[in-house]
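A.B. asks: Handing over my_file_27.cif, mmCIF, C-alpha atoms.
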data_final
loop_
_atom_site.group_PDB
_atom_site.id
_atom_site.type_symbol
_atom_site.label_atom_id
_atom_site.label_comp_id
_atom_site.auth_asym_id
_atom_site.auth_seq_id
_atom_site.Cartn_x
_atom_site.Cartn_y
_atom_site.Cartn_z
ATOM 1 C CA MET A 1 3.576 5.214 45.537
ATOM 2 C CA ALA A 2 4.727 5.168 41.893
ATOM 3 C CA GLU A 3 2.413 3.460 39.446
ATOM 4 C CA ARG A 4 3.718 0.150 38.146
ATOM 5 C CA LEU A 5 3.755 -0.245 34.385
ATOM 6 C CA TYR A 6 4.931 -3.170 32.332
ATOM 7 C CA VAL A 7 8.203 -2.432 30.563
ATOM 8 C CA SER A 8 10.303 -5.241 29.138
ATOM 9 C CA ASN A 9 14.068 -4.884 29.326
ATOM 10 C CA LYS A 10 14.435 -6.978 26.176
ATOM 11 C CA ASN A 11 15.157 -5.156 22.944
ATOM 12 C CA GLU A 12 12.470 -7.065 21.042
ATOM 13 C CA THR A 13 12.249 -6.560 17.310
ATOM 14 C CA VAL A 14 10.627 -7.957 14.190
ATOM 15 C CA ARG A 15 11.462 -7.931 10.516
ATOM 16 C CA MET A 16 9.066 -5.639 8.624
ATOM 17 C CA PHE A 17 10.150 -6.007 4.985
ATOM 18 C CA GLU A 18 11.340 -8.885 2.811
ATOM 19 C CA SER A 19 13.704 -6.477 1.044
ATOM 20 C CA ASP A 20 16.982 -5.987 2.905
ATOM 21 C CA PHE A 21 17.140 -2.479 1.408
ATOM 22 C CA MET A 22 13.770 -1.475 2.869
ATOM 23 C CA GLU A 23 14.522 -3.213 6.155
ATOM 24 C CA PHE A 24 17.783 -1.259 6.492
ATOM 25 C CA PHE A 25 15.997 2.077 6.167
ATOM 26 C CA SER A 26 13.317 1.086 8.683
ATOM 27 C CA ARG A 27 15.904 0.991 11.466
ATOM 28 C CA VAL A 28 17.462 4.204 12.771
ATOM 29 C CA HIS A 29 20.125 4.776 15.410
ATOM 30 C CA PRO A 30 18.790 7.309 17.962
ATOM 31 C CA VAL A 31 21.732 9.658 17.389
ATOM 32 C CA ILE A 32 20.743 10.260 13.745
ATOM 33 C CA PRO A 33 18.189 13.048 14.451
ATOM 34 C CA LEU A 34 20.859 14.931 16.411
ATOM 35 C CA VAL A 35 23.402 14.592 13.614
ATOM 36 C CA LEU A 36 20.899 15.658 10.946
ATOM 37 C CA TYR A 37 18.971 18.420 12.630
ATOM 38 C CA LEU A 38 21.175 20.194 15.182
ATOM 39 C CA PRO A 39 23.143 21.795 12.290
ATOM 40 C CA VAL A 40 19.827 22.809 10.695
ATOM 41 C CA ILE A 41 18.713 24.491 13.912
ATOM 42 C CA GLY A 42 22.053 26.280 14.215
ATOM 43 C CA TYR A 43 21.943 27.489 10.617
ATOM 44 C CA MET A 44 18.353 28.728 10.911
ATOM 45 C CA LEU A 45 19.273 30.710 14.030
ATOM 46 C CA TYR A 46 22.324 32.121 12.231
ATOM 47 C CA VAL A 47 20.135 33.257 9.334
ATOM 48 C CA SER A 48 17.634 34.833 11.732
ATOM 49 C CA LEU A 49 20.163 36.678 13.900
ATOM 50 C CA TRP A 50 22.908 37.650 11.449
ATOM 51 C CA GLN A 51 21.373 37.679 7.984
ATOM 52 C CA ARG A 52 17.835 38.833 8.850
ATOM 53 C CA GLN A 53 19.132 40.991 11.726
ATOM 54 C CA LEU A 54 16.313 40.020 14.087
ATOM 55 C CA SER A 55 16.718 40.853 17.754
ATOM 56 C CA ILE A 56 17.423 38.126 20.299
ATOM 57 C CA VAL A 57 14.035 38.808 21.894
ATOM 58 C CA ALA A 58 12.245 38.407 18.549
ATOM 59 C CA VAL A 59 14.128 35.208 17.698
ATOM 60 C CA THR A 60 13.412 33.784 21.153
ATOM 61 C CA ALA A 61 9.691 34.509 20.756
ATOM 62 C CA LEU A 62 9.557 33.055 17.229
ATOM 63 C CA PHE A 63 11.617 30.028 18.283
ATOM 64 C CA SER A 64 9.187 29.425 21.177
ATOM 65 C CA LEU A 65 6.278 29.675 18.749
ATOM 66 C CA GLY A 66 7.944 27.011 16.611
ATOM 67 C CA VAL A 67 8.300 24.708 19.622
ATOM 68 C CA LEU A 68 4.624 25.241 20.463
ATOM 69 C CA LEU A 69 3.651 24.464 16.875
ATOM 70 C CA TRP A 70 5.681 21.262 17.092
ATOM 71 C CA THR A 71 3.810 20.092 20.202
ATOM 72 C CA LEU A 72 0.515 20.606 18.352
ATOM 73 C CA THR A 73 1.865 18.843 15.251
ATOM 74 C CA GLU A 74 3.098 15.940 17.374
ATOM 75 C CA TYR A 75 -0.314 15.594 19.015
ATOM 76 C CA LEU A 76 -2.288 15.754 15.758
ATOM 77 C CA ILE A 77 -0.026 13.311 13.917
ATOM 78 C CA HIS A 78 -0.010 10.856 16.816
ATOM 79 C CA ARG A 79 -3.756 10.994 17.325
ATOM 80 C CA TYR A 80 -5.117 11.249 13.779
ATOM 81 C CA VAL A 81 -2.409 9.625 11.628
ATOM 82 C CA PHE A 82 -0.645 7.102 13.851
ATOM 83 C CA HIS A 83 -3.894 5.957 15.477
ATOM 84 C CA TYR A 84 -6.125 6.086 12.436
ATOM 85 C CA LYS A 85 -7.960 2.774 11.947
ATOM 86 C CA PRO A 86 -7.904 1.873 8.227
ATOM 87 C CA LYS A 87 -10.230 -0.780 6.851
ATOM 88 C CA SER A 88 -8.480 -1.850 3.665
ATOM 89 C CA ARG A 89 -5.745 -4.494 3.662
ATOM 90 C CA TRP A 90 -3.180 -2.055 2.256
ATOM 91 C CA GLY A 91 -4.262 0.612 4.714
ATOM 92 C CA LYS A 92 -3.789 -1.767 7.628
ATOM 93 C CA ARG A 93 -0.365 -2.748 6.321
ATOM 94 C CA LEU A 94 0.670 0.892 5.974
ATOM 95 C CA HIS A 95 -0.619 1.688 9.458
ATOM 96 C CA TYR A 96 1.369 -1.201 10.898
ATOM 97 C CA VAL A 97 4.554 0.013 9.214
ATOM 98 C CA ILE A 98 4.019 3.609 10.349
ATOM 99 C CA HIS A 99 3.046 3.017 13.969
ATOM 100 C CA GLY A 100 1.475 -0.344 14.688
ATOM 101 C CA VAL A 101 4.824 -2.093 14.901
ATOM 102 C CA HIS A 102 5.879 0.347 17.625
ATOM 103 C CA HIS A 103 2.925 -0.652 19.792
ATOM 104 C CA ASP A 104 3.632 -4.354 19.203
ATOM 105 C CA TYR A 105 7.373 -3.955 19.844
ATOM 106 C CA PRO A 106 7.680 -0.771 21.944
ATOM 107 C CA ASN A 107 11.254 -1.495 23.050
ATOM 108 C CA ASP A 108 12.765 -1.914 19.595
ATOM 109 C CA ALA A 109 15.643 0.560 20.028
ATOM 110 C CA ARG A 110 16.126 1.115 16.287
ATOM 111 C CA ARG A 111 12.487 2.022 15.689
ATOM 112 C CA LEU A 112 11.939 4.710 18.295
ATOM 113 C CA VAL A 113 12.977 7.728 16.220
ATOM 114 C CA MET A 114 11.586 8.754 12.856
ATOM 115 C CA PRO A 115 13.508 7.452 9.808
ATOM 116 C CA PRO A 116 15.158 10.253 7.783
ATOM 117 C CA VAL A 117 13.367 9.030 4.637
ATOM 118 C CA ILE A 118 10.210 10.337 6.344
ATOM 119 C CA SER A 119 11.475 13.181 8.530
ATOM 120 C CA VAL A 120 13.524 14.954 5.837
ATOM 121 C CA PRO A 121 10.649 15.291 3.310
ATOM 122 C CA LEU A 122 8.389 16.409 6.172
ATOM 123 C CA ALA A 123 10.942 19.052 7.164
ATOM 124 C CA PHE A 124 10.926 20.477 3.632
ATOM 125 C CA LEU A 125 7.126 20.340 3.601
ATOM 126 C CA PHE A 126 6.798 22.306 6.835
ATOM 127 C CA TYR A 127 9.373 24.874 5.726
ATOM 128 C CA GLY A 128 7.401 25.369 2.537
ATOM 129 C CA LEU A 129 4.162 25.743 4.503
ATOM 130 C CA PHE A 130 5.760 28.274 6.856
ATOM 131 C CA LEU A 131 7.120 30.528 4.095
ATOM 132 C CA PRO A 132 3.823 32.088 2.965
ATOM 133 C CA VAL A 133 2.711 32.478 6.593
ATOM 134 C CA PHE A 134 5.850 33.814 8.287
ATOM 135 C CA GLY A 135 7.846 35.165 5.341
ATOM 136 C CA SER A 136 11.291 36.394 6.417
ATOM 137 C CA LEU A 137 10.596 35.180 9.967
ATOM 138 C CA THR A 138 10.362 31.560 8.809
ATOM 139 C CA PRO A 139 13.908 30.440 9.792
ATOM 140 C CA ALA A 140 13.406 31.367 13.460
ATOM 141 C CA VAL A 141 10.025 29.620 13.691
ATOM 142 C CA PHE A 142 11.308 26.607 11.773
ATOM 143 C CA ALA A 143 14.310 26.335 14.113
ATOM 144 C CA GLY A 144 11.893 26.042 17.040
ATOM 145 C CA LEU A 145 9.792 23.437 15.236
ATOM 146 C CA VAL A 146 12.847 21.314 14.440
ATOM 147 C CA PHE A 147 14.160 21.708 17.991
ATOM 148 C CA GLY A 148 10.804 20.495 19.293
ATOM 149 C CA TYR A 149 10.966 17.519 16.937
ATOM 150 C CA VAL A 150 14.476 16.570 18.092
ATOM 151 C CA CYS A 151 13.385 16.821 21.730
ATOM 152 C CA TYR A 152 10.420 14.591 20.922
ATOM 153 C CA ASP A 153 12.592 11.932 19.290
ATOM 154 C CA MET A 154 15.139 11.961 22.130
ATOM 155 C CA LEU A 155 12.460 11.893 24.821
ATOM 156 C CA HIS A 156 10.607 9.097 23.060
ATOM 157 C CA TYR A 157 13.772 7.020 22.971
ATOM 158 C CA ALA A 158 14.526 7.842 26.604
ATOM 159 C CA THR A 159 11.068 6.874 27.877
ATOM 160 C CA HIS A 160 11.542 3.399 26.451
ATOM 161 C CA HIS A 161 15.227 2.812 27.142
ATOM 162 C CA LEU A 162 16.530 5.036 29.933
ATOM 163 C CA VAL A 163 15.851 4.954 33.653
ATOM 164 C CA MET A 164 13.995 8.018 34.911
ATOM 165 C CA LYS A 165 13.670 7.954 38.668
ATOM 166 C CA ARG A 166 12.219 11.302 39.677
ATOM 167 C CA GLY A 167 10.696 14.614 38.754
ATOM 168 C CA ALA A 168 9.245 15.651 35.405
ATOM 169 C CA TRP A 169 11.243 12.993 33.532
ATOM 170 C CA LEU A 170 9.646 10.181 35.531
ATOM 171 C CA TRP A 171 6.201 11.760 35.086
ATOM 172 C CA LEU A 172 6.624 12.015 31.300
ATOM 173 C CA LYS A 173 7.898 8.437 31.131
ATOM 174 C CA GLN A 174 4.893 7.121 33.059
ATOM 175 C CA TYR A 175 2.552 9.310 31.013
ATOM 176 C CA HIS A 176 3.753 7.784 27.749
ATOM 177 C CA LEU A 177 3.934 4.228 29.046
ATOM 178 C CA ARG A 178 0.315 4.470 30.174
ATOM 179 C CA HIS A 179 -0.488 5.164 26.516
ATOM 180 C CA HIS A 180 1.234 1.895 25.602
ATOM 181 C CA PHE A 181 0.161 -0.388 28.420
ATOM 182 C CA LYS A 182 -3.084 1.086 29.799
ATOM 183 C CA ASP A 183 -5.093 2.877 27.084
ATOM 184 C CA ASP A 184 -3.737 3.829 23.647
ATOM 185 C CA HIS A 185 -6.736 6.090 23.010
ATOM 186 C CA LEU A 186 -5.427 8.603 25.543
ATOM 187 C CA GLY A 187 -2.156 10.420 26.181
ATOM 188 C CA TYR A 188 -1.086 11.299 22.639
ATOM 189 C CA GLY A 189 1.419 13.948 23.721
ATOM 190 C CA ILE A 190 4.939 12.635 24.263
ATOM 191 C CA SER A 191 7.134 15.706 24.634
ATOM 192 C CA SER A 192 4.252 17.616 26.254
ATOM 193 C CA PRO A 193 0.783 16.729 27.578
ATOM 194 C CA LEU A 194 -0.472 20.268 26.811
ATOM 195 C CA TRP A 195 -2.791 19.384 23.924
ATOM 196 C CA ASP A 196 -4.101 16.300 25.722
ATOM 197 C CA TYR A 197 -5.396 18.655 28.412
ATOM 198 C CA ILE A 198 -6.802 21.103 25.856
ATOM 199 C CA PHE A 199 -8.547 18.395 23.810
ATOM 200 C CA ARG A 200 -9.434 16.286 26.869
ATOM 201 C CA THR A 201 -7.534 13.159 25.940
ATOM 202 C CA THR A 202 -5.700 12.818 29.218
ATOM 203 C CA ARG A 203 -6.220 9.683 31.253
ATOM 204 C CA LYS A 204 -9.721 9.526 32.745
#
Let me see the structure of the file written as structure tokens.
C.D. replies:
Amino acid sequence: MAERLYVSNKNETVRMFESDFMEFFSRVHPVIPLVLYLPVIGYMLYVSLWQRQLSIVAVTALFSLGVLLWTLTEYLIHRYVFHYKPKSRWGKRLHYVIHGVHHDYPNDARRLVMPPVISVPLAFLFYGLFLPVFGSLTPAVFAGLVFGYVCYDMLHYATHHLVMKRGAWLWLKQYHLRHHFKDDHLGYGISSPLWDYIFRTTRK
């Protein structure tokens, strides 16, 4: 018998900023990550295959490494940044803006994917970090990382707003909703539970 979890069908929301300008940029249509990053993935693969002349096997392996690195990044950010407990007033306010609002209003459709004002600088940061490590192989690894990020954003939106009735999709949906409605100190992986199993933060 499938586990019952509370999920409201209402698209509840809350205003976060007094400034209309800031409020506008805090809301993101879920298609935006696809529009922004699918061309980036395509270009990075083009550079890897045609400019760097890497084999398909090599690009596939490097791309897969990038996806794996994303799942670890997702886990670490969710556990240690999004669920950090600040003590100062400004720290608590920043935490609420970054992630607390999502736990208070988990079905706010325009706050389920990362705003570009955050994701774009992070993309440049990760590319810069990859360069000294992977050198000329960076585009292939970065393509996998960005692909993993896009999958994460789309899956996160889907778990809150789409019906998943069977298979792995239903399992992932229930896994994430348990994080929201059962215990938010467990189940930090959204696109993959891999690192929850490795670091023993799966549901007890």
A.B. asks: For a test of reading the model, state the distance in Å between CA of Ala140 (chain A) and CA of Ala58 (chain A), rounded to one decimal.
C.D. replies: 8.8 Å
A.B. asks: Can you work out which one of A:Arg200, A:Lys173, A:Gln53, A:Leu155 has the shortest atom-to-atom distance to Val113 (chain A), counting all atoms listed in the file?
C.D. replies: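 Residue with the minimum atom-to-atom distance to Val113 (chain A): A:Leu155.
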A.B. asks: Have a look at CA of Leu137 (chain A) and CA of Tyr149 (chain A) and let me know their distance in Å, one decimal.
C.D. replies: 19.0 Å
A.B. asks: Compare A:Tyr75, A:Ala143, A:Lys87, A:Gln174 by their minimum atom-to-atom distance to Thr201 (chain A), counting all atoms listed in the file, and give me the closest one.
C.D. replies: A:Tyr75
A.B. asks: Name the residues that the PyMOL selection byres ((chain A and resi 139) around 10) picks from the file above, as a list in words, using the file's chain letters and numbers.
C.D. replies: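 Selected by the PyMOL selection byres ((chain A and resi 139) around 10) here: Val40, Ile41, Tyr43, Met44, Leu45, Tyr46, Val47, Ser48, Leu49, Arg52, Val59, Leu62, Phe63, Gly66, Tyr127, Phe130, Leu131, Phe134, Gly135, Ser136, Leu137, Thr138, Ala140, Val141, Phe142, Ala143, Gly144 and Leu145 of chain A.
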A.B. asks: Show which residues sit within 12 Å of Trp70 (chain A), as a short mmCIF file (atom, residue, chain, number, x, y, z; two decimals) with C-alpha atoms, keeping the file's coordinate frame. Count all atoms listed in the file, and ignore same-chain residues fewer than 6 positions away.
C.D. replies:
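That gives us result_17.cif:
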data_model
loop_
_atom_site.label_atom_id
_atom_site.label_comp_id
_atom_site.auth_asym_id
_atom_site.auth_seq_id
_atom_site.Cartn_x
_atom_site.Cartn_y
_atom_site.Cartn_z
CA PHE A 63 11.62 30.03 18.28
CA SER A 64 9.19 29.42 21.18
CA LEU A 76 -2.29 15.75 15.76
CA ILE A 77 -0.03 13.31 13.92
CA HIS A 78 -0.01 10.86 16.82
CA ALA A 123 10.94 19.05 7.16
CA PHE A 126 6.80 22.31 6.84
CA VAL A 141 10.02 29.62 13.69
CA PHE A 142 11.31 26.61 11.77
CA ALA A 143 14.31 26.34 14.11
CA GLY A 144 11.89 26.04 17.04
CA LEU A 145 9.79 23.44 15.24
CA VAL A 146 12.85 21.31 14.44
CA PHE A 147 14.16 21.71 17.99
CA GLY A 148 10.80 20.50 19.29
CA TYR A 149 10.97 17.52 16.94
CA VAL A 150 14.48 16.57 18.09
CA CYS A 151 13.38 16.82 21.73
CA TYR A 152 10.42 14.59 20.92
CA ASP A 153 12.59 11.93 19.29
CA GLY A 189 1.42 13.95 23.72
CA ILE A 190 4.94 12.64 24.26
CA SER A 191 7.13 15.71 24.63
CA SER A 192 4.25 17.62 26.25
CA LEU A 194 -0.47 20.27 26.81
CA TRP A 195 -2.79 19.38 23.92
#
